[in-house]
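Student: Contents of target-v5.tsv (TSV, N, CA and C atoms) are given next:
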```tsv
chain	number	residue	atom	x	y	z
A	1	GLN	N	96.28	28.29	41.72
A	1	GLN	CA	95.83	27.53	42.88
A	1	GLN	C	94.44	27.99	43.25
A	2	VAL	N	93.49	27.04	43.27
A	2	VAL	CA	92.13	27.37	43.65
A	2	VAL	C	92.03	27.47	45.16
A	3	ARG	N	91.33	28.47	45.61
A	3	ARG	CA	91.10	28.64	47.04
A	3	ARG	C	89.62	28.86	47.30
A	4	LEU	N	89.08	28.10	48.25
A	4	LEU	CA	87.69	28.23	48.65
A	4	LEU	C	87.63	28.78	50.06
A	5	VAL	N	86.82	29.81	50.25
A	5	VAL	CA	86.67	30.42	51.57
A	5	VAL	C	85.19	30.47	51.91
A	6	GLU	N	84.82	29.74	52.96
A	6	GLU	CA	83.43	29.71	53.42
A	6	GLU	C	83.26	30.67	54.59
A	7	SER	N	82.08	31.26	54.70
A	7	SER	CA	81.78	32.17	55.81
A	7	SER	C	80.28	32.17	56.06
A	8	GLY	N	79.90	32.77	57.19
A	8	GLY	CA	78.49	32.94	57.49
A	8	GLY	C	77.93	32.04	58.57
A	9	GLY	N	78.74	31.11	59.06
A	9	GLY	CA	78.26	30.22	60.10
A	9	GLY	C	78.12	30.91	61.44
A	10	GLY	N	77.64	30.17	62.41
A	10	GLY	CA	77.49	30.73	63.75
A	10	GLY	C	76.60	29.87	64.61
A	11	LEU	N	76.24	30.43	65.76
A	11	LEU	CA	75.35	29.76	66.71
A	11	LEU	C	73.94	30.32	66.51
A	12	VAL	N	72.99	29.44	66.33
A	12	VAL	CA	71.61	29.87	66.10
A	12	VAL	C	70.67	28.93	66.85
A	13	GLN	N	69.55	29.45	67.28
A	13	GLN	CA	68.55	28.63	67.97
A	13	GLN	C	67.77	27.79	66.97
A	14	PRO	N	67.23	26.67	67.43
A	14	PRO	CA	66.37	25.88	66.54
A	14	PRO	C	65.26	26.74	65.94
A	15	GLY	N	65.02	26.54	64.66
A	15	GLY	CA	64.05	27.36	63.95
A	15	GLY	C	64.63	28.60	63.31
A	16	GLY	N	65.86	28.91	63.62
A	16	GLY	CA	66.50	30.10	63.08
A	16	GLY	C	67.04	29.90	61.68
A	17	SER	N	67.70	30.95	61.18
A	17	SER	CA	68.21	30.95	59.81
A	17	SER	C	69.66	31.44	59.77
A	18	LEU	N	70.37	30.97	58.78
A	18	LEU	CA	71.71	31.45	58.48
A	18	LEU	C	71.89	31.44	56.97
A	19	ARG	N	72.76	32.30	56.49
A	19	ARG	CA	73.12	32.31	55.07
A	19	ARG	C	74.63	32.12	54.95
A	20	LEU	N	75.02	31.03	54.36
A	20	LEU	CA	76.44	30.75	54.16
A	20	LEU	C	76.88	31.27	52.79
A	21	SER	N	78.13	31.66	52.72
A	21	SER	CA	78.70	32.16	51.47
A	21	SER	C	80.03	31.45	51.20
A	22	CYS	N	80.30	31.20	49.95
A	22	CYS	CA	81.57	30.59	49.55
A	22	CYS	C	82.15	31.40	48.40
A	23	LEU	N	83.37	31.83	48.58
A	23	LEU	CA	84.09	32.56	47.53
A	23	LEU	C	85.16	31.65	46.95
A	24	ALA	N	85.14	31.49	45.64
A	24	ALA	CA	86.15	30.69	44.96
A	24	ALA	C	87.10	31.63	44.22
A	25	SER	N	88.38	31.52	44.51
A	25	SER	CA	89.37	32.32	43.81
A	25	SER	C	90.33	31.38	43.08
A	26	GLY	N	90.95	31.90	42.02
A	26	GLY	CA	91.90	31.10	41.28
A	26	GLY	C	91.28	30.21	40.23
A	27	THR	N	89.98	30.38	40.02
A	27	THR	CA	89.31	29.60	39.00
A	27	THR	C	88.07	30.34	38.55
A	28	ILE	N	87.64	30.04	37.37
A	28	ILE	CA	86.36	30.55	36.90
A	28	ILE	C	85.41	29.36	36.89
A	29	PHE	N	84.47	29.36	37.80
A	29	PHE	CA	83.71	28.14	38.02
A	29	PHE	C	82.32	28.14	37.40
A	30	ARG	N	82.07	29.11	36.52
A	30	ARG	CA	80.70	29.25	36.06
A	30	ARG	C	80.21	28.02	35.30
A	31	PHE	N	81.12	27.18	34.80
A	31	PHE	CA	80.70	25.98	34.08
A	31	PHE	C	80.70	24.74	34.96
A	32	THR	N	80.96	24.93	36.24
A	32	THR	CA	81.15	23.82	37.18
A	32	THR	C	79.94	23.66	38.09
A	33	THR	N	79.46	22.43	38.23
A	33	THR	CA	78.44	22.16	39.23
A	33	THR	C	79.08	22.22	40.61
A	34	MET	N	78.55	23.08	41.44
A	34	MET	CA	79.10	23.28	42.79
A	34	MET	C	78.15	22.71	43.84
A	35	ALA	N	78.68	22.50	45.02
A	35	ALA	CA	77.87	21.89	46.07
A	35	ALA	C	78.28	22.41	47.43
A	36	TRP	N	77.37	22.27	48.35
A	36	TRP	CA	77.66	22.45	49.78
A	36	TRP	C	77.66	21.08	50.43
A	37	TYR	N	78.66	20.87	51.27
A	37	TYR	CA	78.80	19.65	52.04
A	37	TYR	C	78.77	20.02	53.53
A	38	ARG	N	78.56	19.02	54.36
A	38	ARG	CA	78.68	19.23	55.80
A	38	ARG	C	79.26	17.97	56.44
A	39	GLN	N	79.93	18.21	57.56
A	39	GLN	CA	80.49	17.11	58.32
A	39	GLN	C	80.24	17.36	59.80
A	40	ALA	N	79.47	16.49	60.39
A	40	ALA	CA	79.19	16.56	61.82
A	40	ALA	C	80.22	15.73	62.57
A	41	PRO	N	80.43	16.03	63.85
A	41	PRO	CA	81.42	15.27	64.64
A	41	PRO	C	81.14	13.78	64.58
A	42	GLY	N	82.17	13.01	64.26
A	42	GLY	CA	82.04	11.56	64.24
A	42	GLY	C	81.33	11.00	63.04
A	43	LYS	N	80.98	11.85	62.09
A	43	LYS	CA	80.26	11.40	60.91
A	43	LYS	C	81.05	11.72	59.64
A	44	GLU	N	80.70	11.03	58.56
A	44	GLU	CA	81.34	11.31	57.28
A	44	GLU	C	80.77	12.58	56.66
A	45	ARG	N	81.56	13.19	55.82
A	45	ARG	CA	81.10	14.36	55.10
A	45	ARG	C	79.99	13.96	54.13
A	46	GLU	N	78.94	14.76	54.07
A	46	GLU	CA	77.84	14.47	53.16
A	46	GLU	C	77.53	15.70	52.31
A	47	LEU	N	77.13	15.42	51.09
A	47	LEU	CA	76.72	16.49	50.18
A	47	LEU	C	75.26	16.83	50.49
A	48	VAL	N	74.96	18.08	50.74
A	48	VAL	CA	73.59	18.46	51.11
A	48	VAL	C	72.85	19.20	50.00
A	49	ALA	N	73.58	19.88	49.12
A	49	ALA	CA	72.92	20.61	48.04
A	49	ALA	C	73.91	20.82	46.91
A	50	ARG	N	73.39	20.81	45.69
A	50	ARG	CA	74.25	21.08	44.54
A	50	ARG	C	73.51	21.98	43.56
A	51	ILE	N	74.29	22.70	42.75
A	51	ILE	CA	73.71	23.60	41.76
A	51	ILE	C	74.55	23.53	40.50
A	52	THR	N	73.89	23.32	39.37
A	52	THR	CA	74.59	23.26	38.09
A	52	THR	C	74.92	24.67	37.61
A	53	SER	N	75.68	24.74	36.54
A	53	SER	CA	76.02	26.04	35.96
A	53	SER	C	74.76	26.75	35.47
A	54	ALA	N	73.74	25.98	35.12
A	54	ALA	CA	72.50	26.57	34.62
A	54	ALA	C	71.54	26.91	35.75
A	55	GLY	N	71.90	26.55	36.98
A	55	GLY	CA	71.06	26.90	38.12
A	55	GLY	C	70.11	25.80	38.58
A	56	THR	N	70.22	24.61	38.01
A	56	THR	CA	69.40	23.50	38.48
A	56	THR	C	69.92	23.02	39.83
A	57	THR	N	69.00	22.84	40.77
A	57	THR	CA	69.40	22.49	42.13
A	57	THR	C	68.85	21.13	42.56
A	58	THR	N	69.60	20.46	43.42
A	58	THR	CA	69.14	19.23	44.05
A	58	THR	C	69.57	19.26	45.51
A	59	TYR	N	68.81	18.55	46.34
A	59	TYR	CA	69.05	18.58	47.78
A	59	TYR	C	68.92	17.17	48.36
A	60	VAL	N	69.64	16.94	49.44
A	60	VAL	CA	69.44	15.72	50.19
A	60	VAL	C	68.09	15.84	50.90
A	61	ASP	N	67.43	14.71	51.11
A	61	ASP	CA	66.06	14.74	51.64
A	61	ASP	C	65.96	15.49	52.96
A	62	SER	N	66.97	15.39	53.80
A	62	SER	CA	66.89	15.97	55.13
A	62	SER	C	66.84	17.49	55.14
A	63	VAL	N	67.19	18.14	54.03
A	63	VAL	CA	67.18	19.61	53.99
A	63	VAL	C	66.20	20.17	52.98
A	64	LYS	N	65.53	19.31	52.24
A	64	LYS	CA	64.57	19.79	51.23
A	64	LYS	C	63.50	20.65	51.88
A	65	GLY	N	63.21	21.77	51.24
A	65	GLY	CA	62.20	22.69	51.74
A	65	GLY	C	62.72	23.64	52.80
A	66	ARG	N	63.93	23.43	53.27
A	66	ARG	CA	64.51	24.31	54.30
A	66	ARG	C	65.75	25.05	53.80
A	67	PHE	N	66.54	24.40	52.96
A	67	PHE	CA	67.78	25.00	52.46
A	67	PHE	C	67.60	25.38	50.99
A	68	THR	N	68.28	26.46	50.60
A	68	THR	CA	68.27	26.89	49.20
A	68	THR	C	69.69	27.24	48.79
A	69	ILE	N	70.17	26.57	47.75
A	69	ILE	CA	71.50	26.86	47.21
A	69	ILE	C	71.35	27.80	46.02
A	70	SER	N	72.27	28.73	45.89
A	70	SER	CA	72.26	29.66	44.76
A	70	SER	C	73.70	30.02	44.41
A	71	ARG	N	73.87	30.68	43.29
A	71	ARG	CA	75.22	31.05	42.87
A	71	ARG	C	75.20	32.39	42.15
A	72	ASP	N	76.33	33.07	42.21
A	72	ASP	CA	76.54	34.32	41.48
A	72	ASP	C	77.82	34.12	40.69
A	73	ASN	N	77.69	33.74	39.44
A	73	ASN	CA	78.87	33.38	38.66
A	73	ASN	C	79.84	34.55	38.46
A	74	PRO	N	79.38	35.75	38.14
A	74	PRO	CA	80.36	36.84	37.97
A	74	PRO	C	81.19	37.09	39.22
A	75	LEU	N	80.61	36.82	40.40
A	75	LEU	CA	81.33	37.05	41.64
A	75	LEU	C	82.03	35.79	42.14
A	76	ASN	N	81.87	34.68	41.42
A	76	ASN	CA	82.49	33.41	41.83
A	76	ASN	C	82.04	33.00	43.24
A	77	ARG	N	80.75	33.17	43.50
A	77	ARG	CA	80.24	32.86	44.84
A	77	ARG	C	79.11	31.83	44.76
A	78	VAL	N	79.04	31.02	45.79
A	78	VAL	CA	77.93	30.09	45.99
A	78	VAL	C	77.37	30.35	47.38
A	79	TYR	N	76.06	30.29	47.50
A	79	TYR	CA	75.40	30.60	48.76
A	79	TYR	C	74.55	29.41	49.21
A	80	LEU	N	74.31	29.35	50.52
A	80	LEU	CA	73.37	28.38	51.07
A	80	LEU	C	72.51	29.09	52.11
A	81	GLN	N	71.26	29.31	51.76
A	81	GLN	CA	70.31	29.87	52.70
A	81	GLN	C	69.69	28.72	53.48
A	82	MET	N	69.82	28.78	54.78
A	82	MET	CA	69.34	27.71	55.66
A	82	MET	C	68.26	28.27	56.58
A	83	ASN	N	67.07	27.76	56.46
A	83	ASN	CA	65.94	28.17	57.29
A	83	ASN	C	65.46	26.99	58.13
A	84	SER	N	64.67	27.31	59.15
A	84	SER	CA	64.10	26.28	60.01
A	84	SER	C	65.17	25.29	60.48
A	85	LEU	N	66.26	25.85	60.95
A	85	LEU	CA	67.39	25.01	61.33
A	85	LEU	C	67.06	24.11	62.51
A	86	LYS	N	67.64	22.92	62.49
A	86	LYS	CA	67.43	21.91	63.52
A	86	LYS	C	68.77	21.56	64.18
A	87	PRO	N	68.75	21.05	65.40
A	87	PRO	CA	70.01	20.66	66.04
A	87	PRO	C	70.82	19.68	65.19
A	88	GLU	N	70.16	18.83	64.43
A	88	GLU	CA	70.88	17.86	63.60
A	88	GLU	C	71.56	18.49	62.39
A	89	ASP	N	71.33	19.77	62.16
A	89	ASP	CA	72.06	20.49	61.11
A	89	ASP	C	73.43	20.97	61.59
A	90	THR	N	73.71	20.80	62.86
A	90	THR	CA	75.00	21.21	63.42
A	90	THR	C	76.13	20.45	62.73
A	91	ALA	N	77.08	21.21	62.17
A	91	ALA	CA	78.18	20.61	61.42
A	91	ALA	C	79.10	21.72	60.94
A	92	VAL	N	80.25	21.32	60.40
A	92	VAL	CA	81.07	22.24	59.64
A	92	VAL	C	80.63	22.13	58.19
A	93	TYR	N	80.37	23.26	57.57
A	93	TYR	CA	79.88	23.31	56.20
A	93	TYR	C	80.99	23.76	55.26
A	94	TYR	N	81.09	23.06	54.13
A	94	TYR	CA	82.10	23.32	53.12
A	94	TYR	C	81.44	23.45	51.75
A	95	CYS	N	82.07	24.22	50.88
A	95	CYS	CA	81.66	24.21	49.48
A	95	CYS	C	82.78	23.58	48.66
A	96	ASN	N	82.41	23.02	47.53
A	96	ASN	CA	83.39	22.43	46.61
A	96	ASN	C	82.66	21.98	45.35
A	97	ARG	N	83.40	21.43	44.43
A	97	ARG	CA	82.79	20.85	43.24
A	97	ARG	C	81.85	19.73	43.67
A	98	ALA	N	80.82	19.49	42.88
A	98	ALA	CA	79.88	18.43	43.20
A	98	ALA	C	80.38	17.06	42.77
A	99	ASP	N	81.31	17.01	41.85
A	99	ASP	CA	81.89	15.71	41.48
A	99	ASP	C	83.06	15.43	42.41
A	100	SER	N	83.74	14.34	42.23
A	100	SER	CA	84.83	13.97	43.15
A	100	SER	C	86.17	14.58	42.75
A	101	ASN	N	86.17	15.40	41.70
A	101	ASN	CA	87.40	16.05	41.27
A	101	ASN	C	87.55	17.36	42.05
A	102	TRP	N	87.65	17.22	43.37
A	102	TRP	CA	87.54	18.38	44.25
A	102	TRP	C	88.69	19.37	44.15
A	103	TYR	N	88.35	20.63	44.37
A	103	TYR	CA	89.37	21.64	44.62
A	103	TYR	C	89.94	21.39	46.02
A	104	PRO	N	91.07	22.01	46.38
A	104	PRO	CA	91.53	21.91	47.77
A	104	PRO	C	90.43	22.41	48.71
A	105	TRP	N	90.17	21.67	49.77
A	105	TRP	CA	89.10	22.05	50.69
A	105	TRP	C	89.45	23.30	51.47
A	106	GLY	N	88.45	24.15	51.67
A	106	GLY	CA	88.63	25.31	52.52
A	106	GLY	C	88.54	24.91	53.98
A	107	GLN	N	88.51	25.94	54.84
A	107	GLN	CA	88.48	25.68	56.28
A	107	GLN	C	87.08	25.36	56.77
A	108	GLY	N	86.08	25.65	55.93
A	108	GLY	CA	84.71	25.41	56.34
A	108	GLY	C	84.21	26.50	57.27
A	109	THR	N	82.92	26.45	57.56
A	109	THR	CA	82.31	27.37	58.50
A	109	THR	C	81.41	26.57	59.44
A	110	GLN	N	81.58	26.81	60.73
A	110	GLN	CA	80.86	26.04	61.75
A	110	GLN	C	79.43	26.56	61.90
A	111	VAL	N	78.48	25.65	61.84
A	111	VAL	CA	77.08	25.96	62.13
A	111	VAL	C	76.68	25.14	63.34
A	112	THR	N	76.22	25.84	64.37
A	112	THR	CA	75.78	25.18	65.59
A	112	THR	C	74.34	25.60	65.87
A	113	VAL	N	73.45	24.61	65.95
A	113	VAL	CA	72.03	24.88	66.21
A	113	VAL	C	71.72	24.34	67.61
A	114	SER	N	71.48	25.26	68.52
A	114	SER	CA	71.28	24.86	69.91
A	114	SER	C	70.51	25.95	70.64
A	115	SER	N	69.72	25.52	71.59
A	115	SER	CA	69.01	26.48	72.43
A	115	SER	C	69.81	26.76	73.70
```
Any chance you could put this one into structure tokens?
Tutor:
Amino acid sequence: QVRLVESGGGLVQPGGSLRLSCLASGTIFRFTTMAWYRQAPGKERELVARITSAGTTTYVDSVKGRFTISRDNPLNRVYLQMNSLKPEDTAVYYCNRADSNWYPWGQGTQVTVSS
């Protein structure tokens, strides 16, 4: 059984930074393209960043230049460094496969950007 555990969220002021971490257990994901998603209240979940097994990254336009996705395959971890945070980044953040063949979703980690 694959289990995803996200951590690192919190309350931060606009312009601040956070680093999210995702630990995947029960699978070896080094060959899998992974992604970070977010879901804001009343909105659909959206994919914000993805990283291939080779380390190629892509981002949604709204986070380009501010967010950086990375991975540590031996540790089965995916990270999301978020800089210059904006109130519109407020959401619950999740990690999972980048394709639609998702693992069971974790609990996510809440990111709140507010002064």
Student: Would you kindly return, as a PDB file with N, CA and C atoms, in the frame of the given file, each protein, DNA or RNA residue with an atom no farther than 7 Å from any atom of Tyr59 in chain A, considering all atoms listed in the file and excluding same-chain residues fewer than 2 positions away?
Tutor:
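The resulting file, selection.pdb, is reproduced below:
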```
ATOM      1  N   LEU A  47      77.130  15.420  51.090  1.00  0.00           N
ATOM      2  CA  LEU A  47      76.720  16.490  50.180  1.00  0.00           C
ATOM      3  C   LEU A  47      75.260  16.830  50.490  1.00  0.00           C
ATOM      4  N   VAL A  48      74.960  18.080  50.740  1.00  0.00           N
ATOM      5  CA  VAL A  48      73.590  18.460  51.110  1.00  0.00           C
ATOM      6  C   VAL A  48      72.850  19.200  50.000  1.00  0.00           C
ATOM      7  N   ALA A  49      73.580  19.880  49.120  1.00  0.00           N
ATOM      8  CA  ALA A  49      72.920  20.610  48.040  1.00  0.00           C
ATOM      9  C   ALA A  49      73.910  20.820  46.910  1.00  0.00           C
ATOM     10  N   ARG A  50      73.390  20.810  45.690  1.00  0.00           N
ATOM     11  CA  ARG A  50      74.250  21.080  44.540  1.00  0.00           C
ATOM     12  C   ARG A  50      73.510  21.980  43.560  1.00  0.00           C
ATOM     13  N   THR A  57      69.000  22.840  40.770  1.00  0.00           N
ATOM     14  CA  THR A  57      69.400  22.490  42.130  1.00  0.00           C
ATOM     15  C   THR A  57      68.850  21.130  42.560  1.00  0.00           C
ATOM     16  N   ASP A  61      67.430  14.710  51.110  1.00  0.00           N
ATOM     17  CA  ASP A  61      66.060  14.740  51.640  1.00  0.00           C
ATOM     18  C   ASP A  61      65.960  15.490  52.960  1.00  0.00           C
ATOM     19  N   SER A  62      66.970  15.390  53.800  1.00  0.00           N
ATOM     20  CA  SER A  62      66.890  15.970  55.130  1.00  0.00           C
ATOM     21  C   SER A  62      66.840  17.490  55.140  1.00  0.00           C
ATOM     22  N   VAL A  63      67.190  18.140  54.030  1.00  0.00           N
ATOM     23  CA  VAL A  63      67.180  19.610  53.990  1.00  0.00           C
ATOM     24  C   VAL A  63      66.200  20.170  52.980  1.00  0.00           C
ATOM     25  N   LYS A  64      65.530  19.310  52.240  1.00  0.00           N
ATOM     26  CA  LYS A  64      64.570  19.790  51.230  1.00  0.00           C
ATOM     27  C   LYS A  64      63.500  20.650  51.880  1.00  0.00           C
TER      28      LYS A  64
END
```
Student: Could you check which of A:Ser70, A:Gly16, A:Gln81, A:Tyr94 is closest to Gly106 in chain A, using all atoms listed in the file?
Tutor: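 Counting all atoms listed in the file, the residue closest to Gly106 in chain A is A:Tyr94.
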Student: Mind giving me the straight-line distance from atom N of Asn83 in chain A to atom C of Phe67 in chain A in Å, one decimal?
Tutor: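 Atom N of Asn83 in chain A sits 6.0 Å away from atom C of Phe67 in chain A.
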Student: Starting from the point (82.4, 32.8, 45.4), work out which residues of protein, DNA or RNA have an atom no more than 6 Å away when counting all atoms listed in the file; state them as number ranges by chain.
Tutor: A: 22-24, 75-78
Student: Could you give me, as a list in words, the residues that have an atom at most 12 Å away from the point (77.9, 34.3, 35.8) in the coordinates of the file, using only C-alpha atoms?
Tutor: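 The requested residues, written out, are Ile28, Phe29, Arg30, Phe31, Thr32, Thr52, Ser53, Ala54, Gly55, Ser70, Arg71, Asp72, Asn73, Pro74, Leu75, Asn76, Arg77 and Val78 of chain A.
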Student: So how many Å separate atom N of Val113 in chain A and atom N of Thr90 in chain A, to one decimal?
Tutor: 4.9 Å
Student: Write down as a list in words the residues belonging to chain A that are assigned helix (DSSP H, G or I) by DSSP computed on the backbone.
Tutor: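 After running DSSP on the backbone, chain A has helix (DSSP H, G or I) at Asp61, Ser62, Val63, Asn73, Pro74, Leu75, Pro87, Glu88 and Asp89 of chain A.
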Student: Go through A:Asp89, A:Ser25, A:Arg45, A:Leu20 one by one, measure the shortest atom-to-atom distance of each to Gly8 in chain A using all atoms listed in the file, and give the residue with the smallest value.
Tutor: A:Leu20
Student: Rounded to one decimal, what separation in Å do you get between atom N of Trp102 in chain A and atom C of Leu11 in chain A?
Tutor: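 Between these atoms lies a distance of 29.9 Å.
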Student: Name the residues in contact with Gln110 in chain A at a cut-off of 5 Å, using all atoms listed in the file, excluding same-chain residues fewer than 6 positions from it; report them as a list in words.
Tutor: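 The filter keeps Gly9, Gly10, Ala91, Val92 and Tyr93 of chain A.
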Student: Taking only N, CA and C atoms into account, which of A:Arg97, A:Thr58, A:Ser114, A:Gln107 comes nearest Val5 in chain A?
Tutor: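 Checking each candidate against Val5 in chain A, we get A:Gln107 as the closest.
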Student: Check the smallest atom-to-atom distance from each of A:Leu85, A:Pro41, A:Ala35, A:Leu80 to Ser17 in chain A using only N, CA and C atoms, then report the winner.
Tutor: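 Comparing A:Leu85, A:Pro41, A:Ala35, A:Leu80 against Ser17 in chain A, the winner is A:Leu85.
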Student: Using only C-alpha atoms for the distances, tell me which of A:Thr112, A:Asn96, A:Ser7, A:Thr68 is nearest to Glu46 in chain A.
Tutor: A:Asn96
Student: I need the strand (DSSP E or B) residues of chain A per DSSP on the backbone, written as an MDAnalysis selection string.
Tutor: chainID A and resid 3:7 10:12 18:25 34:39 46:51 57:59 67:72 77:82 91:97 109:113
Student: Extract range 80-107 of chain A from the structure I just pasted (atoms: C-alpha atoms) and return it as a short mmCIF file (atom, residue, chain, number, x, y, z; two decimals), in the first residue's frame.
Tutor:
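After the write, result-v5.cif holds the following:
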```
data_model
loop_
_atom_site.label_atom_id
_atom_site.label_comp_id
_atom_site.auth_asym_id
_atom_site.auth_seq_id
_atom_site.Cartn_x
_atom_site.Cartn_y
_atom_site.Cartn_z
CA LEU A 80 8.49 22.13 -3.21
CA GLN A 81 10.39 25.30 -2.39
CA MET A 82 7.96 28.21 -2.47
CA ASN A 83 9.29 31.76 -2.49
CA SER A 84 7.62 35.15 -2.87
CA LEU A 85 4.38 33.68 -1.66
CA LYS A 86 1.13 35.45 -2.46
CA PRO A 87 -2.30 35.27 -0.80
CA GLU A 88 -3.59 33.43 -3.88
CA ASP A 89 -1.16 30.59 -3.10
CA THR A 90 -3.28 29.75 -0.06
CA ALA A 91 -4.43 26.14 -0.45
CA VAL A 92 -3.94 22.60 0.73
CA TYR A 93 -0.94 21.16 -1.08
CA TYR A 94 -0.64 17.50 -2.06
CA CYS A 95 1.94 15.40 -3.83
CA ASN A 96 1.15 12.49 -6.13
CA ARG A 97 1.93 11.00 -9.50
CA ALA A 98 1.76 13.50 -12.34
CA ASP A 99 -0.41 11.24 -14.48
CA SER A 100 -3.97 10.30 -13.53
CA ASN A 101 -2.95 6.88 -12.22
CA TRP A 102 -2.79 8.37 -8.75
CA TYR A 103 -1.61 6.79 -5.54
CA PRO A 104 -4.04 7.13 -2.60
CA TRP A 105 -4.05 10.82 -1.70
CA GLY A 106 -2.36 11.92 1.49
CA GLN A 107 -3.80 14.38 3.97
#
```
